[in-house]
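Peer 1: Contents are mmCIF, C-alpha atoms; file name final.cif:
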```cif
data_run
loop_
_atom_site.label_atom_id
_atom_site.label_comp_id
_atom_site.auth_asym_id
_atom_site.auth_seq_id
_atom_site.Cartn_x
_atom_site.Cartn_y
_atom_site.Cartn_z
CA MET A 135 75.57 124.60 98.69
CA ALA A 136 74.51 128.00 97.34
CA ASP A 137 76.45 131.06 98.44
CA SER A 138 74.10 132.53 101.01
CA SER A 139 75.09 133.02 104.62
CA ALA A 140 71.43 133.58 105.59
CA LEU A 141 70.67 130.11 104.20
CA GLN A 142 73.59 128.55 106.10
CA THR A 143 72.47 130.30 109.29
CA LEU A 144 68.94 128.96 108.78
CA ILE A 145 70.21 125.40 108.28
CA GLN A 146 72.26 125.60 111.47
CA ALA A 147 69.29 127.07 113.37
CA LEU A 148 66.98 124.26 112.18
CA ARG A 149 69.43 121.77 113.69
CA LYS A 150 68.38 123.10 117.11
CA LEU A 151 65.18 121.09 116.63
CA PRO A 152 65.33 117.64 118.27
CA GLY A 153 65.92 114.82 115.79
CA VAL A 154 67.00 117.11 112.94
CA GLY A 155 70.47 116.57 111.47
CA GLU A 156 72.41 118.31 108.70
CA LYS A 157 70.56 116.65 105.80
CA SER A 158 67.06 117.12 107.24
CA ALA A 159 67.86 120.74 108.08
CA SER A 160 68.98 121.41 104.50
CA ARG A 161 65.87 119.77 103.14
CA MET A 162 63.66 121.84 105.48
CA ALA A 163 65.39 125.13 104.61
CA PHE A 164 65.20 124.31 100.91
CA HIS A 165 61.50 123.45 101.13
CA LEU A 166 60.59 126.61 103.06
CA LEU A 167 62.53 128.96 100.79
CA GLN A 168 61.52 127.30 97.54
CA ARG A 169 57.91 126.31 98.20
CA ASP A 170 56.58 127.88 101.39
CA ARG A 171 57.99 131.28 102.33
CA GLU A 172 54.67 132.13 103.92
CA GLY A 173 55.02 129.07 106.16
CA ALA A 174 58.53 130.19 107.10
CA GLN A 175 57.28 133.61 108.18
CA LEU A 176 54.39 132.04 110.05
CA LEU A 177 56.81 129.76 111.89
CA SER A 178 59.12 132.66 112.67
CA ARG A 179 56.28 134.64 114.24
CA ALA A 180 54.92 131.61 116.12
CA LEU A 181 58.33 130.94 117.67
CA GLN A 182 58.74 134.55 118.75
CA GLN A 183 55.26 134.67 120.22
CA ALA A 184 55.52 131.35 122.04
CA VAL A 185 58.85 132.30 123.61
CA SER A 186 57.48 135.61 124.85
CA GLN A 187 54.06 134.39 126.01
CA VAL A 188 54.35 130.80 127.23
CA LYS A 189 55.41 130.40 130.84
CA HIS A 190 54.88 127.80 133.56
CA CYS A 191 51.83 127.43 135.80
CA THR A 192 52.91 128.36 139.32
CA GLN A 193 50.85 125.47 140.70
CA CYS A 194 51.44 122.50 138.41
CA HIS A 195 54.36 123.65 136.30
CA THR A 196 52.71 123.00 132.92
CA PHE A 197 52.86 125.44 130.00
CA THR A 198 50.34 128.28 130.25
CA GLU A 199 50.05 131.95 129.38
CA ALA A 200 48.47 132.87 132.72
CA ASP A 201 49.94 132.59 136.22
CA ILE A 202 47.77 129.58 137.02
CA CYS A 203 46.51 127.19 134.33
CA GLN A 204 42.84 126.37 133.63
CA THR A 205 43.16 122.87 135.08
CA CYS A 206 44.49 124.12 138.43
CA LEU A 207 41.77 126.82 138.53
CA ASP A 208 38.97 124.30 137.86
CA SER A 209 37.08 124.14 141.19
CA SER A 210 35.15 121.02 140.13
CA ARG A 211 38.34 118.95 140.41
CA ASP A 212 39.27 116.95 143.49
CA PRO A 213 42.26 118.75 145.08
CA SER A 214 43.04 115.79 147.36
CA LYS A 215 44.50 113.82 144.42
CA LEU A 216 47.69 114.85 142.64
CA CYS A 217 48.82 112.99 139.52
CA VAL A 218 52.50 113.38 138.60
CA ILE A 219 53.34 113.11 134.88
CA GLU A 220 56.40 113.80 132.76
CA THR A 221 54.96 116.03 130.02
CA PRO A 222 51.84 118.02 129.06
CA ALA A 223 51.25 115.35 126.38
CA ASP A 224 51.01 112.69 129.12
CA GLN A 225 48.52 114.87 130.99
CA SER A 226 46.50 115.19 127.83
CA ALA A 227 46.47 111.37 127.44
CA ILE A 228 45.16 110.93 130.99
CA GLU A 229 42.55 113.67 130.49
CA ARG A 230 41.24 111.92 127.39
CA THR A 231 40.44 108.78 129.47
CA LEU A 232 37.89 110.84 131.47
CA ALA A 233 38.81 108.50 134.34
CA TYR A 234 40.62 111.06 136.51
CA LYS A 235 39.21 114.21 138.08
CA GLY A 236 42.03 115.28 140.37
CA LEU A 237 44.86 117.76 139.85
CA TYR A 238 48.27 117.36 138.21
CA PHE A 239 51.92 118.16 138.62
CA VAL A 240 53.92 118.18 135.39
CA LEU A 241 57.62 117.40 135.86
CA MET A 242 58.45 118.77 132.39
CA GLY A 243 60.95 115.98 131.97
CA ARG A 244 62.40 113.10 133.98
CA LEU A 245 65.49 112.49 136.05
CA SER A 246 68.18 111.73 133.51
CA PRO A 247 71.74 111.98 134.82
CA LEU A 248 73.13 111.24 131.34
CA ASP A 249 71.37 114.34 129.95
CA GLY A 250 72.32 116.34 133.03
CA LEU A 251 68.73 116.53 134.29
CA GLY A 252 68.58 116.44 138.09
CA PRO A 253 65.93 117.04 140.80
CA ARG A 254 65.99 120.79 140.15
CA ASP A 255 65.09 120.29 136.45
CA ILE A 256 61.95 118.31 137.28
CA GLY A 257 60.87 120.78 139.97
CA LEU A 258 61.11 118.21 142.78
CA HIS A 259 61.20 120.98 145.39
CA GLN A 260 57.95 122.54 144.10
CA LEU A 261 56.32 119.11 143.89
CA LEU A 262 57.15 118.38 147.52
CA ALA A 263 55.81 121.78 148.59
CA ARG A 264 52.62 121.20 146.58
CA ALA A 265 52.09 117.65 147.87
CA THR A 266 52.54 118.65 151.51
CA ASN A 267 50.11 121.58 151.42
CA GLY A 268 47.71 119.73 153.72
CA VAL A 269 45.04 119.28 151.03
CA VAL A 270 46.64 116.54 148.94
CA GLN A 271 45.88 113.05 150.30
CA GLU A 272 47.21 110.85 147.53
CA VAL A 273 49.95 111.28 144.95
CA ILE A 274 49.58 109.12 141.85
CA LEU A 275 52.87 108.59 140.03
CA ALA A 276 52.20 108.35 136.31
CA THR A 277 55.71 108.77 134.91
CA ASN A 278 56.55 106.56 131.93
CA PHE A 279 57.36 102.88 132.44
CA THR A 280 60.85 103.37 131.03
CA ALA A 281 64.07 103.01 133.01
CA GLU A 282 64.28 106.77 133.56
CA GLY A 283 60.57 107.13 134.28
CA GLU A 284 60.71 104.33 136.85
CA ALA A 285 63.81 105.82 138.50
CA THR A 286 62.08 109.20 138.67
CA ALA A 287 58.98 107.62 140.22
CA HIS A 288 61.17 105.85 142.78
CA VAL A 289 62.97 109.03 143.85
CA ILE A 290 59.71 111.01 144.17
CA SER A 291 58.03 108.13 145.96
CA GLU A 292 60.77 107.89 148.59
CA ALA A 293 60.71 111.64 149.20
CA LEU A 294 56.91 111.73 149.57
CA LYS A 295 56.65 108.62 151.76
CA ALA A 296 59.24 110.14 154.10
CA ARG A 297 56.71 112.98 154.55
CA GLY A 298 53.94 110.49 155.37
CA LEU A 299 51.93 110.83 152.15
CA ARG A 300 50.01 108.06 150.39
CA VAL A 301 51.82 107.35 147.11
CA THR A 302 50.45 105.11 144.34
CA ARG A 303 51.72 104.13 140.90
CA LEU A 304 49.76 103.43 137.69
CA ALA A 305 49.07 99.68 137.46
CA ARG A 306 51.28 97.62 135.19
CA GLY A 307 49.53 94.88 133.28
CA VAL A 308 48.33 93.49 129.99
CA PRO A 309 47.13 96.25 127.61
CA VAL A 310 43.41 96.20 126.76
CA GLY A 311 42.72 94.30 123.53
CA SER A 312 46.04 92.47 123.41
CA GLU A 313 46.69 88.73 123.11
CA LEU A 314 48.85 87.16 125.80
CA GLU A 315 51.01 85.43 123.20
CA TYR A 316 52.29 88.79 121.97
CA VAL A 317 52.72 90.52 125.34
CA ASP A 318 56.29 90.71 126.68
CA LEU A 319 57.17 88.48 129.64
CA GLY A 320 57.95 91.32 132.06
CA THR A 321 54.43 92.70 131.57
CA ILE A 322 52.81 89.27 132.08
CA ALA A 323 54.90 88.74 135.24
CA HIS A 324 53.71 92.11 136.61
CA ALA A 325 50.11 91.31 135.65
CA LEU A 326 50.34 88.01 137.55
CA VAL A 327 51.76 89.62 140.69
CA ASP A 328 49.18 92.45 140.60
CA ARG A 329 46.25 90.11 139.79
CA ARG A 330 42.91 91.08 141.31
CA MET B 664 47.80 119.69 126.10
CA ALA B 665 48.40 122.80 128.20
CA ASP B 666 46.08 125.78 127.77
CA SER B 667 48.18 128.08 125.65
CA SER B 668 47.10 129.22 122.20
CA ALA B 669 50.64 130.45 121.44
CA LEU B 670 51.85 126.88 122.02
CA GLN B 671 49.15 125.43 119.79
CA THR B 672 49.99 127.97 117.08
CA LEU B 673 53.66 127.02 117.32
CA ILE B 674 52.86 123.30 117.00
CA GLN B 675 50.75 123.94 113.90
CA ALA B 676 53.48 126.15 112.41
CA LEU B 677 56.14 123.47 112.98
CA ARG B 678 54.01 121.10 110.93
CA LYS B 679 54.84 123.28 107.90
CA LEU B 680 58.27 121.62 107.96
CA PRO B 681 58.53 118.64 105.59
CA GLY B 682 58.34 115.29 107.36
CA VAL B 683 57.03 116.74 110.63
CA GLY B 684 53.67 115.45 111.90
CA GLU B 685 51.59 116.27 114.96
CA LYS B 686 53.68 114.26 117.46
CA SER B 687 57.06 115.47 116.20
CA ALA B 688 55.79 119.05 116.17
CA SER B 689 54.64 118.75 119.81
CA ARG B 690 57.98 117.27 120.79
CA MET B 691 59.86 120.08 119.02
CA ALA B 692 57.73 122.84 120.56
CA PHE B 693 58.08 121.25 123.98
CA HIS B 694 61.86 120.93 123.62
CA LEU B 695 62.33 124.52 122.46
CA LEU B 696 60.13 126.04 125.18
CA GLN B 697 61.40 123.86 127.99
CA ARG B 698 65.10 123.49 127.19
CA ASP B 699 66.17 125.89 124.45
CA ARG B 700 64.32 129.21 124.27
CA GLU B 701 67.48 130.81 122.96
CA GLY B 702 67.50 128.30 120.10
CA ALA B 703 63.86 129.15 119.37
CA GLN B 704 64.66 132.86 119.11
CA LEU B 705 67.69 132.12 116.97
CA LEU B 706 65.54 130.01 114.63
CA SER B 707 62.86 132.70 114.50
CA ARG B 708 65.41 135.32 113.45
CA ALA B 709 67.13 132.99 110.97
CA LEU B 710 63.80 132.26 109.26
CA GLN B 711 62.94 135.93 109.01
CA GLN B 712 66.35 136.81 107.64
CA ALA B 713 66.48 133.97 105.11
CA VAL B 714 63.03 134.83 103.76
CA SER B 715 63.95 138.48 103.31
CA GLN B 716 67.49 137.98 101.96
CA VAL B 717 67.63 134.75 99.96
CA LYS B 718 66.58 135.04 96.33
CA HIS B 719 67.44 133.22 93.11
CA CYS B 720 70.47 133.76 90.90
CA THR B 721 69.24 135.33 87.66
CA GLN B 722 71.64 133.11 85.71
CA CYS B 723 71.48 129.64 87.25
CA HIS B 724 68.45 129.88 89.52
CA THR B 725 70.20 128.70 92.71
CA PHE B 726 69.77 130.39 96.09
CA THR B 727 71.90 133.50 96.53
CA GLU B 728 71.73 136.89 98.21
CA ALA B 729 73.14 138.75 95.20
CA ASP B 730 71.68 139.07 91.69
CA ILE B 731 74.21 136.62 90.27
CA CYS B 732 75.80 133.87 92.39
CA GLN B 733 79.53 133.39 92.98
CA THR B 734 79.65 130.30 90.74
CA CYS B 735 78.16 132.11 87.75
CA LEU B 736 80.51 135.07 88.32
CA ASP B 737 83.62 132.83 88.44
CA SER B 738 85.47 133.67 85.22
CA SER B 739 87.81 130.68 85.58
CA ARG B 740 84.91 128.35 84.77
CA ASP B 741 84.22 127.00 81.30
CA PRO B 742 81.01 128.71 80.07
CA SER B 743 80.59 126.27 77.20
CA LYS B 744 79.43 123.52 79.56
CA LEU B 745 76.15 123.70 81.48
CA CYS B 746 75.29 121.06 84.07
CA VAL B 747 71.59 120.76 84.99
CA ILE B 748 70.82 119.56 88.54
CA GLU B 749 67.73 119.33 90.69
CA THR B 750 68.88 121.06 93.89
CA PRO B 751 71.72 123.16 95.35
CA ALA B 752 72.66 120.04 97.36
CA ASP B 753 73.23 118.12 94.10
CA GLN B 754 75.39 120.97 92.82
CA SER B 755 77.40 120.81 96.02
CA ALA B 756 77.91 117.04 95.53
CA ILE B 757 79.25 117.59 92.00
CA GLU B 758 81.49 120.45 93.16
CA ARG B 759 83.05 118.21 95.80
CA THR B 760 84.21 115.77 93.11
CA LEU B 761 86.47 118.54 91.66
CA ALA B 762 85.81 116.81 88.30
CA TYR B 763 83.68 119.55 86.74
CA LYS B 764 84.66 123.13 85.95
CA GLY B 765 81.71 124.33 83.89
CA LEU B 766 78.60 126.25 84.93
CA TYR B 767 75.28 125.06 86.36
CA PHE B 768 71.55 125.45 86.06
CA VAL B 769 69.58 124.48 89.17
CA LEU B 770 66.01 123.36 88.47
CA MET B 771 65.04 123.79 92.15
CA GLY B 772 62.90 120.69 91.84
CA ARG B 773 61.84 118.18 89.20
CA LEU B 774 58.84 117.65 86.98
CA SER B 775 56.28 116.03 89.23
CA PRO B 776 52.71 116.10 87.94
CA LEU B 777 51.47 114.43 91.12
CA ASP B 778 52.81 117.32 93.21
CA GLY B 779 51.59 119.83 90.65
CA LEU B 780 55.13 120.77 89.55
CA GLY B 781 55.26 121.55 85.82
CA PRO B 782 57.78 123.08 83.39
CA ARG B 783 57.25 126.54 84.87
CA ASP B 784 58.24 125.34 88.37
CA ILE B 785 61.60 124.02 87.19
CA GLY B 786 62.31 127.16 85.13
CA LEU B 787 62.40 125.29 81.82
CA HIS B 788 61.94 128.55 79.92
CA GLN B 789 64.97 130.16 81.60
CA LEU B 790 67.03 127.01 81.06
CA LEU B 791 66.27 127.02 77.33
CA ALA B 792 67.16 130.73 77.08
CA ARG B 793 70.42 130.13 78.96
CA ALA B 794 71.37 127.06 76.94
CA THR B 795 70.77 128.77 73.60
CA ASN B 796 72.82 131.90 74.41
CA GLY B 797 75.41 130.94 71.79
CA VAL B 798 78.14 130.23 74.38
CA VAL B 799 76.90 126.90 75.75
CA GLN B 800 78.11 123.95 73.64
CA GLU B 801 77.10 121.01 75.82
CA VAL B 802 74.34 120.51 78.37
CA ILE B 803 75.01 117.75 80.91
CA LEU B 804 71.82 116.42 82.49
CA ALA B 805 72.54 115.43 86.09
CA THR B 806 69.04 115.07 87.48
CA ASN B 807 68.50 112.13 89.84
CA PHE B 808 68.16 108.60 88.49
CA THR B 809 64.66 108.30 89.91
CA ALA B 810 61.50 108.00 87.82
CA GLU B 811 60.79 111.73 88.15
CA GLY B 812 64.42 112.71 87.60
CA GLU B 813 64.62 110.57 84.44
CA ALA B 814 61.35 112.01 83.11
CA THR B 815 62.62 115.53 83.76
CA ALA B 816 65.88 114.75 81.94
CA HIS B 817 63.91 113.33 79.02
CA VAL B 818 61.72 116.43 78.66
CA ILE B 819 64.70 118.81 78.87
CA SER B 820 66.72 116.66 76.50
CA GLU B 821 63.99 116.68 73.82
CA ALA B 822 63.58 120.45 74.08
CA LEU B 823 67.33 121.09 73.82
CA LYS B 824 67.97 118.63 71.00
CA ALA B 825 65.19 120.30 69.01
CA ARG B 826 67.33 123.44 69.28
CA GLY B 827 70.39 121.62 67.95
CA LEU B 828 72.37 121.45 71.22
CA ARG B 829 74.64 118.61 72.34
CA VAL B 830 72.96 116.97 75.33
CA THR B 831 74.63 114.34 77.55
CA ARG B 832 73.51 112.45 80.64
CA LEU B 833 75.58 111.30 83.64
CA ALA B 834 76.75 107.71 83.03
CA ARG B 835 74.85 104.91 84.72
CA GLY B 836 76.96 102.03 85.94
CA VAL B 837 78.34 100.06 88.86
CA PRO B 838 79.19 102.33 91.83
CA VAL B 839 82.88 102.55 92.74
CA GLY B 840 83.84 100.05 95.46
CA SER B 841 80.79 97.84 95.07
CA GLU B 842 80.64 94.06 94.47
CA LEU B 843 78.67 92.89 91.43
CA GLU B 844 76.79 90.32 93.52
CA TYR B 845 75.09 93.13 95.45
CA VAL B 846 74.40 95.54 92.58
CA ASP B 847 70.83 95.58 91.24
CA LEU B 848 70.22 94.00 87.83
CA GLY B 849 69.07 97.19 86.12
CA THR B 850 72.36 98.88 86.99
CA ILE B 851 74.42 95.90 85.73
CA ALA B 852 72.42 95.86 82.50
CA HIS B 853 73.13 99.56 81.97
CA ALA B 854 76.81 99.06 82.80
CA LEU B 855 76.99 96.28 80.19
CA VAL B 856 75.36 98.37 77.46
CA ASP B 857 77.56 101.39 78.27
CA ARG B 858 80.78 99.35 78.60
CA ARG B 859 83.96 101.10 77.41
#
```
In structure tokens, what does this structure look like?

Peer 2:
Amino acid sequence: MADSSALQTLIQALRKLPGVGEKSASRMAFHLLQRDREGAQLLSRALQQAVSQVKHCTQCHTFTEADICQTCLDSSRDPSKLCVIETPADQSAIERTLAYKGLYFVLMGRLSPLDGLGPRDIGLHQLLARATNGVVQEVILATNFTAEGEATAHVISEALKARGLRVTRLARGVPVGSELEYVDLGTIAHALVDRR
Amino acid sequence: MADSSALQTLIQALRKLPGVGEKSASRMAFHLLQRDREGAQLLSRALQQAVSQVKHCTQCHTFTEADICQTCLDSSRDPSKLCVIETPADQSAIERTLAYKGLYFVLMGRLSPLDGLGPRDIGLHQLLARATNGVVQEVILATNFTAEGEATAHVISEALKARGLRVTRLARGVPVGSELEYVDLGTIAHALVDRR
């Protein structure tokens, strides 16, 4: 397809994006070069800038451009509670509820032996150091309710309990606004056990 | 999600890619920054290079880094036949059949009033100039068999016939290897009319 090595290189580079295969990459390269060269340059600069400026918060591990992120610096938050989530997007979801005013630790992933992601990749060591700093009283595990998220929560929970910390997990139950008939059986079973 | 303007800028820039919405863009940015910063830099450079180096062949309009592409320069090809396709990917599909040895004209799109793409966007003027150069004897319309592709073929066909050129269209019919029972009725009807 078209004798341009720069185009071939671009198509291969676009395949680095998650979920993008050969055909999508071709379509993207074609679109950018044919209809949006300005967008291509904008994206090029944004990538360069993000790689050079975005680093991890030394406290909670999330993406930030400073040493410590705004959330960790916010003195109005309750430092005795630490909520553990998988990604910054999960943190954002919890923030939007306005129901939590403690601090966070972002794993930036989950334990996933199949993808080669172990304790080091989720910063387990830093989490343990943070949780045992004498200020934190409760660690709330808010990893996803997937197989990998549950396994990650289990591993962290065991490690923290061994250090005498109070560890809780987000409640499982029937989603707000849903009809029982359409809720899966595992969820109903959990909602029954955790009834209040 | 994370207090970094460089990250937000990157997410917005990724949305310039076709088919990428807010959630996909976040996932891509997250993946690149967390797991593949090298890939991000590679993509940044590839974009920059493609934008500065890739231009259009002055003869056939496809992507190339030279003034005239390799296909147009190939003297072993039959210059009396000109095949009109929508994209370089379509050209590549025809090349792989090894059944065509003429030249090409790549529209780099199709007529699409809804997307604001008119005759100028598909280089109709250049196509007419190329087709009436005295060497071309037959123009083969190989635009897609979609509504827009058919409309584009119709417009080009009318313009070329008015200039006294022989214009043909790819045959419609039953795909090789398919069972009649599963072929749509429109295709069977066309195959009946065009029987040989």

Peer 1: Mind running chain B against chain A at 8 Å and telling me each contacting residue's nearest atom pair with the distance in Å (one decimal), counting all atoms listed in the file, chain and number ascending, as a Markdown table?

Peer 2:
```
| residue | atom | partner | partner_atom | distance |
| --- | --- | --- | --- | --- |
| B:Met664 | CA | A:Ser226 | CA | 5.0 |
| B:Ala665 | CA | A:Phe197 | CA | 5.5 |
| B:Asp666 | CA | A:Thr198 | CA | 5.5 |
| B:Ser667 | CA | A:Thr198 | CA | 5.1 |
| B:Ala669 | CA | A:Ala184 | CA | 5.0 |
| B:Leu670 | CA | A:Ala184 | CA | 5.8 |
| B:Thr672 | CA | A:Ala180 | CA | 6.2 |
| B:Leu673 | CA | A:Ala180 | CA | 4.9 |
| B:Ala676 | CA | A:Leu177 | CA | 4.9 |
| B:Leu677 | CA | A:Leu177 | CA | 6.4 |
| B:Lys679 | CA | A:Gly173 | CA | 6.0 |
| B:Leu680 | CA | A:Met162 | CA | 5.9 |
| B:Pro681 | CA | A:Met162 | CA | 6.0 |
| B:Arg690 | CA | A:Pro152 | CA | 7.8 |
| B:Met691 | CA | A:Leu151 | CA | 5.9 |
| B:His694 | CA | A:Pro152 | CA | 7.2 |
| B:Leu695 | CA | A:Leu151 | CA | 7.3 |
| B:Leu696 | CA | A:Val185 | CA | 6.6 |
| B:Gln697 | CA | A:Met242 | CA | 7.3 |
| B:Arg700 | CA | A:Val185 | CA | 6.3 |
| B:Gly702 | CA | A:Lys150 | CA | 6.1 |
| B:Ala703 | CA | A:Leu181 | CA | 6.1 |
| B:Gln704 | CA | A:Gln182 | CA | 6.2 |
| B:Leu705 | CA | A:Ala147 | CA | 6.4 |
| B:Leu706 | CA | A:Ala147 | CA | 4.9 |
| B:Ser707 | CA | A:Ser178 | CA | 4.2 |
| B:Arg708 | CA | A:Ser178 | CA | 6.9 |
| B:Ala709 | CA | A:Leu144 | CA | 4.9 |
| B:Leu710 | CA | A:Ser178 | CA | 5.8 |
| B:Gln711 | CA | A:Gln175 | CA | 6.2 |
| B:Gln712 | CA | A:Ala140 | CA | 6.4 |
| B:Ala713 | CA | A:Ala140 | CA | 5.0 |
| B:Val714 | CA | A:Arg171 | CA | 6.3 |
| B:Gln716 | CA | A:Ala140 | CA | 6.9 |
| B:Val717 | CA | A:Ala140 | CA | 6.9 |
| B:Thr725 | CA | A:Ala136 | CA | 6.4 |
| B:Phe726 | CA | A:Ala136 | CA | 5.5 |
| B:Thr727 | CA | A:Ser138 | CA | 5.1 |
| B:Glu728 | CA | A:Ser138 | CA | 5.7 |
| B:Cys732 | CA | A:Asp137 | CA | 6.7 |
| B:Gln733 | CA | A:Asp137 | CA | 6.7 |
| B:Pro751 | CA | A:Met135 | CA | 5.3 |
| B:Ala752 | CA | A:Met135 | CA | 5.6 |
| B:Gln754 | CA | A:Met135 | CA | 6.9 |
| B:Ser755 | CA | A:Met135 | CA | 5.0 |
| B:Met771 | CA | A:Gln168 | CA | 7.3 |
```

Peer 1: Would you work out the distance separating CA of Ala794 in chain B from CA of Leu828 in chain B, expressed in Å to one decimal?

Peer 2: 8.1 Å

Peer 1: If the PyMOL selection byres ((chain B and resi 770) around 12) were run on this exact file, what residues would it hold? Put them as a PDB file with C-alpha atoms, keeping the file's coordinate frame.

Peer 2:
```pdb
ATOM      1  CA  GLN A 168      61.520 127.300  97.540  1.00  0.00           C
TER       2      GLN A 168
ATOM      3  CA  HIS B 719      67.440 133.220  93.110  1.00  0.00           C
ATOM      4  CA  CYS B 720      70.470 133.760  90.900  1.00  0.00           C
ATOM      5  CA  GLN B 722      71.640 133.110  85.710  1.00  0.00           C
ATOM      6  CA  CYS B 723      71.480 129.640  87.250  1.00  0.00           C
ATOM      7  CA  HIS B 724      68.450 129.880  89.520  1.00  0.00           C
ATOM      8  CA  THR B 725      70.200 128.700  92.710  1.00  0.00           C
ATOM      9  CA  PHE B 726      69.770 130.390  96.090  1.00  0.00           C
ATOM     10  CA  CYS B 746      75.290 121.060  84.070  1.00  0.00           C
ATOM     11  CA  VAL B 747      71.590 120.760  84.990  1.00  0.00           C
ATOM     12  CA  ILE B 748      70.820 119.560  88.540  1.00  0.00           C
ATOM     13  CA  GLU B 749      67.730 119.330  90.690  1.00  0.00           C
ATOM     14  CA  THR B 750      68.880 121.060  93.890  1.00  0.00           C
ATOM     15  CA  PRO B 751      71.720 123.160  95.350  1.00  0.00           C
ATOM     16  CA  ALA B 752      72.660 120.040  97.360  1.00  0.00           C
ATOM     17  CA  ASP B 753      73.230 118.120  94.100  1.00  0.00           C
ATOM     18  CA  GLN B 754      75.390 120.970  92.820  1.00  0.00           C
ATOM     19  CA  TYR B 767      75.280 125.060  86.360  1.00  0.00           C
ATOM     20  CA  PHE B 768      71.550 125.450  86.060  1.00  0.00           C
ATOM     21  CA  VAL B 769      69.580 124.480  89.170  1.00  0.00           C
ATOM     22  CA  MET B 771      65.040 123.790  92.150  1.00  0.00           C
ATOM     23  CA  GLY B 772      62.900 120.690  91.840  1.00  0.00           C
ATOM     24  CA  ARG B 773      61.840 118.180  89.200  1.00  0.00           C
ATOM     25  CA  LEU B 774      58.840 117.650  86.980  1.00  0.00           C
ATOM     26  CA  LEU B 780      55.130 120.770  89.550  1.00  0.00           C
ATOM     27  CA  GLY B 781      55.260 121.550  85.820  1.00  0.00           C
ATOM     28  CA  PRO B 782      57.780 123.080  83.390  1.00  0.00           C
ATOM     29  CA  ARG B 783      57.250 126.540  84.870  1.00  0.00           C
ATOM     30  CA  ASP B 784      58.240 125.340  88.370  1.00  0.00           C
ATOM     31  CA  ILE B 785      61.600 124.020  87.190  1.00  0.00           C
ATOM     32  CA  GLY B 786      62.310 127.160  85.130  1.00  0.00           C
ATOM     33  CA  LEU B 787      62.400 125.290  81.820  1.00  0.00           C
ATOM     34  CA  HIS B 788      61.940 128.550  79.920  1.00  0.00           C
ATOM     35  CA  GLN B 789      64.970 130.160  81.600  1.00  0.00           C
ATOM     36  CA  LEU B 790      67.030 127.010  81.060  1.00  0.00           C
ATOM     37  CA  LEU B 791      66.270 127.020  77.330  1.00  0.00           C
ATOM     38  CA  LEU B 804      71.820 116.420  82.490  1.00  0.00           C
ATOM     39  CA  ALA B 805      72.540 115.430  86.090  1.00  0.00           C
ATOM     40  CA  THR B 806      69.040 115.070  87.480  1.00  0.00           C
ATOM     41  CA  ASN B 807      68.500 112.130  89.840  1.00  0.00           C
ATOM     42  CA  GLY B 812      64.420 112.710  87.600  1.00  0.00           C
ATOM     43  CA  THR B 815      62.620 115.530  83.760  1.00  0.00           C
ATOM     44  CA  ALA B 816      65.880 114.750  81.940  1.00  0.00           C
ATOM     45  CA  ILE B 819      64.700 118.810  78.870  1.00  0.00           C
TER      46      ILE B 819
END
```

Peer 1: Decode the PyMOL selection byres ((chain B and resi 740) around 7) for the given file into explicit residues and return them as a list in words.

Peer 2: Asp737, Ser738, Ser739, Asp741, Pro742, Lys764, Gly765 and Leu766 of chain B

Peer 1: For a test of reading the model, state the distance in Å between CA of Gly827 in chain B and CA of Glu801 in chain B, rounded to one decimal.

Peer 2: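 Separation between CA of Gly827 in chain B and CA of Glu801 in chain B: 10.4 Å.
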
Peer 1: What box, with edges along x, y and z, holds each listed atom of range 311-320 of chain A when 6 Å is added on every side, and can you state its centre and edge lengths in Å to one decimal, as JSON?

Peer 2:
```
{"center_x": 50.3, "center_y": 89.9, "center_z": 127.0, "size_x": 27.2, "size_y": 20.9, "size_z": 22.1}
```

Peer 1: Going by the chain IDs and residue numbers used in this file, which residues fall under the PyMOL selection byres ((chain B and resi 799) around 9)? Write them as JSON, numbers by chain.

Peer 2: {"B": [742, 743, 744, 745, 793, 794, 795, 796, 797, 798, 800, 801, 802, 828]}

Peer 1: When you look at Ala854 in chain B with a cut-off of 10 Å (counting only C-alpha atoms), what residues show up, excluding the ones that are within fewer than 5 positions of it in the same chain? I need them as a list in words.

Peer 2: Ala834, Arg835, Gly836, Val837, Pro838, Leu848, Gly849 and Arg859 of chain B

Peer 1: In Å, with one decimal, what is the gap from CA of Val301 in chain A to CA of Ile274 in chain A?

Peer 2: 6.0 Å
